[in-house]
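Structure file data21.txt with compact mmCIF, C-alpha atoms:
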```
# COMPACT_ATOMS: atom_id res chain seq x y z
CA HIS P 1 27.39 275.85 150.41
CA ALA P 2 25.05 278.07 148.44
CA ALA P 3 25.70 281.80 148.28
CA PRO P 4 23.32 283.86 150.41
CA LEU P 5 20.18 285.19 148.81
CA ARG P 6 20.81 288.86 147.99
CA LEU P 7 17.82 291.15 148.46
CA ALA P 8 17.45 294.87 147.87
CA ALA P 9 15.23 296.83 150.23
CA PHE P 10 14.16 299.68 147.95
CA GLY P 11 12.05 302.45 149.41
CA ASP P 12 11.75 305.67 151.37
CA SER P 13 12.50 306.65 154.99
CA LEU P 14 10.58 303.59 156.28
CA THR P 15 13.20 301.44 154.54
CA ALA P 16 16.15 303.76 155.13
CA GLY P 17 15.56 303.80 158.87
CA TRP P 18 15.02 307.53 159.35
CA GLY P 19 15.66 308.63 162.93
CA LEU P 20 17.07 305.25 163.98
CA PRO P 21 20.58 303.97 164.58
CA PRO P 22 21.66 302.07 161.42
CA ALA P 23 21.49 298.74 163.29
CA ASP P 24 17.74 299.27 163.89
CA ALA P 25 16.81 300.01 160.26
CA PHE P 26 14.24 297.65 158.69
CA PRO P 27 16.66 295.95 156.21
CA VAL P 28 19.20 295.21 158.97
CA ARG P 29 16.58 293.89 161.40
CA LEU P 30 14.89 291.79 158.69
CA GLU P 31 18.22 290.27 157.65
CA GLN P 32 18.94 289.40 161.31
CA ALA P 33 15.48 287.87 161.79
CA LEU P 34 15.78 285.75 158.64
CA ARG P 35 19.29 284.60 159.56
CA GLU P 36 18.04 283.62 163.04
CA LYS P 37 15.47 281.44 161.27
CA GLY P 38 18.23 279.75 159.28
CA TYR P 39 17.98 281.64 155.99
CA ALA P 40 21.23 282.67 154.30
CA VAL P 41 20.31 286.17 153.17
CA THR P 42 21.86 289.60 152.84
CA ILE P 43 19.69 292.69 152.45
CA GLU P 44 21.11 295.87 151.00
CA ASN P 45 19.43 299.11 152.06
CA PHE P 46 18.36 301.19 149.06
CA GLY P 47 16.11 303.42 151.15
CA VAL P 48 16.24 307.21 150.77
CA SER P 49 14.25 309.38 153.15
CA GLY P 50 11.74 311.66 151.47
CA ASP P 51 11.54 309.69 148.25
CA THR P 52 8.25 309.55 146.39
CA THR P 53 7.35 306.84 143.88
CA GLY P 54 8.74 309.18 141.20
CA ASP P 55 12.07 309.46 143.01
CA GLY P 56 12.16 305.69 143.33
CA LEU P 57 11.56 305.26 139.62
CA ALA P 58 14.44 307.65 138.94
CA ARG P 59 16.75 305.52 141.15
CA LEU P 60 15.64 302.13 139.86
CA ASP P 61 18.59 301.63 137.48
CA GLY P 62 20.98 301.46 140.44
CA VAL P 63 18.92 298.75 142.09
CA ILE P 64 18.67 296.68 138.89
CA ALA P 65 22.42 297.13 138.30
CA ALA P 66 23.08 295.58 141.73
CA LYS P 67 21.46 292.38 140.37
CA PRO P 68 19.60 291.40 143.54
CA ASP P 69 17.81 288.05 143.76
CA GLY P 70 14.69 289.93 144.86
CA VAL P 71 13.42 293.41 145.72
CA LEU P 72 11.32 294.59 148.67
CA LEU P 73 9.55 297.54 147.05
CA GLU P 74 8.27 300.07 149.59
CA PHE P 75 7.09 303.43 148.24
CA GLY P 76 3.99 305.59 148.51
CA ALA P 77 4.01 307.14 151.98
CA ASN P 78 5.57 310.40 150.74
CA ASP P 79 3.18 310.56 147.79
CA VAL P 80 0.34 310.46 150.35
CA LEU P 81 1.97 312.96 152.72
CA ARG P 82 2.26 315.41 149.79
CA GLY P 83 -1.23 314.68 148.51
CA LEU P 84 0.08 313.62 145.10
CA ASP P 85 -2.35 312.15 142.57
CA PRO P 86 -2.81 308.40 143.19
CA GLU P 87 -2.74 307.84 139.42
CA ARG P 88 0.80 309.21 139.33
CA ALA P 89 1.86 306.87 142.16
CA ARG P 90 0.22 303.96 140.30
CA ALA P 91 2.05 304.82 137.07
CA ASN P 92 5.41 305.11 138.85
CA LEU P 93 4.95 301.83 140.75
CA GLU P 94 3.77 300.12 137.58
CA ALA P 95 6.86 301.34 135.70
CA MET P 96 9.11 299.99 138.48
CA LEU P 97 7.32 296.62 138.51
CA THR P 98 7.48 296.40 134.71
CA ARG P 99 11.23 296.98 134.68
CA LEU P 100 11.93 294.65 137.61
CA LYS P 101 9.88 291.90 135.96
CA ALA P 102 11.70 292.44 132.65
CA ALA P 103 15.00 292.08 134.56
CA GLY P 104 13.73 288.81 136.04
CA ILE P 105 13.81 290.14 139.61
CA PRO P 106 10.97 288.95 141.88
CA VAL P 107 9.26 291.62 143.98
CA LEU P 108 7.63 291.82 147.38
CA LEU P 109 5.36 294.86 147.04
CA CYS P 110 4.77 296.65 150.34
CA GLY P 111 1.40 298.34 150.44
CA MET P 112 0.75 301.71 152.02
CA ARG P 113 -2.42 303.33 153.29
CA ALA P 114 -3.61 306.86 152.71
CA LEU P 115 -4.33 309.36 155.45
CA ALA P 116 -8.03 309.77 156.14
CA ASN P 117 -7.87 313.57 155.81
CA TYR P 118 -7.71 313.38 152.00
CA GLY P 119 -11.20 311.90 151.82
CA ARG P 120 -12.72 308.60 150.89
CA ASP P 121 -12.16 308.82 147.12
CA TYR P 122 -8.44 309.54 147.45
CA THR P 123 -8.03 306.79 150.03
CA ALA P 124 -9.89 304.23 147.90
CA ALA P 125 -7.94 305.15 144.76
CA PHE P 126 -4.60 305.04 146.53
CA GLU P 127 -5.13 301.84 148.47
CA ALA P 128 -6.39 299.94 145.41
CA ILE P 129 -3.03 300.40 143.69
CA TYR P 130 -1.08 297.77 145.62
CA PRO P 131 -3.30 294.67 145.37
CA GLU P 132 -4.07 295.46 141.74
CA LEU P 133 -0.43 295.84 140.69
CA ALA P 134 0.73 292.86 142.76
CA GLY P 135 -1.80 290.71 140.94
CA ARG P 136 -0.93 292.09 137.52
CA TYR P 137 2.85 291.75 137.95
CA ASP P 138 2.89 288.52 139.95
CA ALA P 139 4.45 290.23 142.95
CA VAL P 140 4.02 289.02 146.50
CA LEU P 141 1.90 291.56 148.40
CA ASN P 142 2.45 292.77 151.93
CA PRO P 143 -0.93 294.55 152.16
CA PHE P 144 0.21 297.24 154.62
CA PHE P 145 3.86 297.74 155.50
CA LEU P 146 3.00 299.46 158.80
CA GLU P 147 0.40 296.88 159.94
CA ASN P 148 0.03 296.93 163.75
CA VAL P 149 2.47 299.88 163.90
CA ALA P 150 0.71 302.88 162.33
CA GLY P 151 -1.18 304.98 164.85
CA ARG P 152 0.34 303.19 167.85
CA PRO P 153 2.52 305.63 169.83
CA GLU P 154 4.50 302.85 171.52
CA TYR P 155 5.79 301.74 168.09
CA ASN P 156 6.50 305.13 166.57
CA GLN P 157 8.96 307.95 166.92
CA PRO P 158 7.60 311.25 168.28
CA ASP P 159 6.61 312.38 164.74
CA GLY P 160 3.98 309.65 164.73
CA LEU P 161 5.01 308.61 161.20
CA HIS P 162 8.27 306.71 161.47
CA PRO P 163 8.57 303.46 163.44
CA ASN P 164 10.91 303.29 166.39
CA ALA P 165 13.10 300.21 166.98
CA ALA P 166 10.19 298.35 168.61
CA GLY P 167 7.99 299.24 165.63
CA VAL P 168 10.58 297.91 163.20
CA ASP P 169 10.58 294.65 165.12
CA VAL P 170 6.78 294.45 164.74
CA ILE P 171 7.13 295.01 160.97
CA VAL P 172 9.81 292.33 160.74
CA SER P 173 7.91 289.76 162.81
```
Since I need it in another form, could you write the structure as C-alpha cells?
Amino acid sequence: HAAPLRLAAFGDSLTAGWGLPPADAFPVRLEQALREKGYAVTIENFGVSGDTTGDGLARLDGVIAAKPDGVLLEFGANDVLRGLDPERARANLEAMLTRLKAAGIPVLLCGMRALANYGRDYTAAFEAIYPELAGRYDAVLNPFFLENVAGRPEYNQPDGLHPNAAGVDVIVS
C-alpha cells in the first residue's frame, strides 16, 4: 500500500480559508474531493491571510523543509489589492519556482487576475506573469484560481473577495 501523496497548499487567505470554518478551507475540501475520487492524498495548509508574493518567498523554506511531493502555489491577490508593482510579484514568484524546481518539487501554479481599476497596462503585466512562469518552470497552470467564483455574490463572503464554502466547492470541482 503506497503512502499517500503529500501536497502543500502554499498561499494567502484564499488558501488559508479566511472567514471559513477550518473544514471548509480549500486544502481540506480539495483533499476530500480527491479522496472521494480514489486518490490517496494529504494536503497541508500553508496559507497565511494577507501574504503577498514577498511574504510567501520569505516563508518558502518551511514549505521546502516539509518535503511535500508537490506544491499548489497560490499568491498574487494581495499584491494586486495593494497595487504592488507586477514586476516585483513576477520576481518573487520566479524565485519561489526556481527554488521549488531546484528542490525537485513539482508545482501547480494558481493564476490570479488583476482588478480592472488599476488600468489595462497593470492588468496585462500582472496577468502575463502566470502563463509565462508556468511555461518557463514546467509548472502546471491553473489559469485563474477563482474561475467561476470571482464577482459572483452567491460564491463569495460579504467582502466580495473571499470565497464562501460554496465558492470553495466550485474551485475544487
Would you give me, as a tab-separated table, each residue of segment 67-162 of chain P having an atom within 10 Å of an atom of segment 37-50 of chain P, along with its shortest atom pair and that distance in Å to one decimal, using all atoms listed in the file and sorting by chain and residue number?
```
residue	atom	partner	partner_atom	distance
P:Pro68	CA	P:Glu44	CA	8.8
P:Asp69	CA	P:Val41	CA	9.9
P:Gly70	CA	P:Ile43	CA	9.5
P:Val71	CA	P:Ile43	CA	9.2
P:Leu72	CA	P:Ile43	CA	9.4
P:Leu73	CA	P:Gly47	CA	9.7
P:Glu74	CA	P:Gly47	CA	8.7
P:Phe75	CA	P:Gly47	CA	9.5
P:Ala77	CA	P:Gly50	CA	9.0
P:Asn78	CA	P:Gly50	CA	6.3
P:Asp79	CA	P:Gly50	CA	9.4
P:Leu81	CA	P:Gly50	CA	9.9
```
Give me the residues near segment 105-122 of chain P as a ChimeraX atom specification, where near means some atom within 9 Å (using only C-alpha atoms) and where sequence neighbours in that chain fewer than 5 positions away do not count. /P:64,67-77,80-81,83,85-86,97,99-100,127,129-131,133-134,137-146
Write out the residues from the selection above, keeping C-alpha atoms, as an mmCIF file, keeping the file's coordinate frame.
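That gives us out-v3.cif:
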```cif
data_model
loop_
_atom_site.group_PDB
_atom_site.id
_atom_site.type_symbol
_atom_site.label_atom_id
_atom_site.label_comp_id
_atom_site.auth_asym_id
_atom_site.auth_seq_id
_atom_site.Cartn_x
_atom_site.Cartn_y
_atom_site.Cartn_z
ATOM 1 C CA ILE P 64 18.670 296.680 138.890
ATOM 2 C CA LYS P 67 21.460 292.380 140.370
ATOM 3 C CA PRO P 68 19.600 291.400 143.540
ATOM 4 C CA ASP P 69 17.810 288.050 143.760
ATOM 5 C CA GLY P 70 14.690 289.930 144.860
ATOM 6 C CA VAL P 71 13.420 293.410 145.720
ATOM 7 C CA LEU P 72 11.320 294.590 148.670
ATOM 8 C CA LEU P 73 9.550 297.540 147.050
ATOM 9 C CA GLU P 74 8.270 300.070 149.590
ATOM 10 C CA PHE P 75 7.090 303.430 148.240
ATOM 11 C CA GLY P 76 3.990 305.590 148.510
ATOM 12 C CA ALA P 77 4.010 307.140 151.980
ATOM 13 C CA VAL P 80 0.340 310.460 150.350
ATOM 14 C CA LEU P 81 1.970 312.960 152.720
ATOM 15 C CA GLY P 83 -1.230 314.680 148.510
ATOM 16 C CA ASP P 85 -2.350 312.150 142.570
ATOM 17 C CA PRO P 86 -2.810 308.400 143.190
ATOM 18 C CA LEU P 97 7.320 296.620 138.510
ATOM 19 C CA ARG P 99 11.230 296.980 134.680
ATOM 20 C CA LEU P 100 11.930 294.650 137.610
ATOM 21 C CA GLU P 127 -5.130 301.840 148.470
ATOM 22 C CA ILE P 129 -3.030 300.400 143.690
ATOM 23 C CA TYR P 130 -1.080 297.770 145.620
ATOM 24 C CA PRO P 131 -3.300 294.670 145.370
ATOM 25 C CA LEU P 133 -0.430 295.840 140.690
ATOM 26 C CA ALA P 134 0.730 292.860 142.760
ATOM 27 C CA TYR P 137 2.850 291.750 137.950
ATOM 28 C CA ASP P 138 2.890 288.520 139.950
ATOM 29 C CA ALA P 139 4.450 290.230 142.950
ATOM 30 C CA VAL P 140 4.020 289.020 146.500
ATOM 31 C CA LEU P 141 1.900 291.560 148.400
ATOM 32 C CA ASN P 142 2.450 292.770 151.930
ATOM 33 C CA PRO P 143 -0.930 294.550 152.160
ATOM 34 C CA PHE P 144 0.210 297.240 154.620
ATOM 35 C CA PHE P 145 3.860 297.740 155.500
ATOM 36 C CA LEU P 146 3.000 299.460 158.800
#
```
Please identify all polymer residues within 8 Å of Asp24 of chain P, counting all atoms listed in the file, omitting same-chain residues fewer than 5 positions from it, and present them as a VMD selection string. chain P and resid 17 29 165 168
Quick one, how far is atom CA of Gly56 of chain P from atom CA of Gly11 of chain P? 6.9 Å
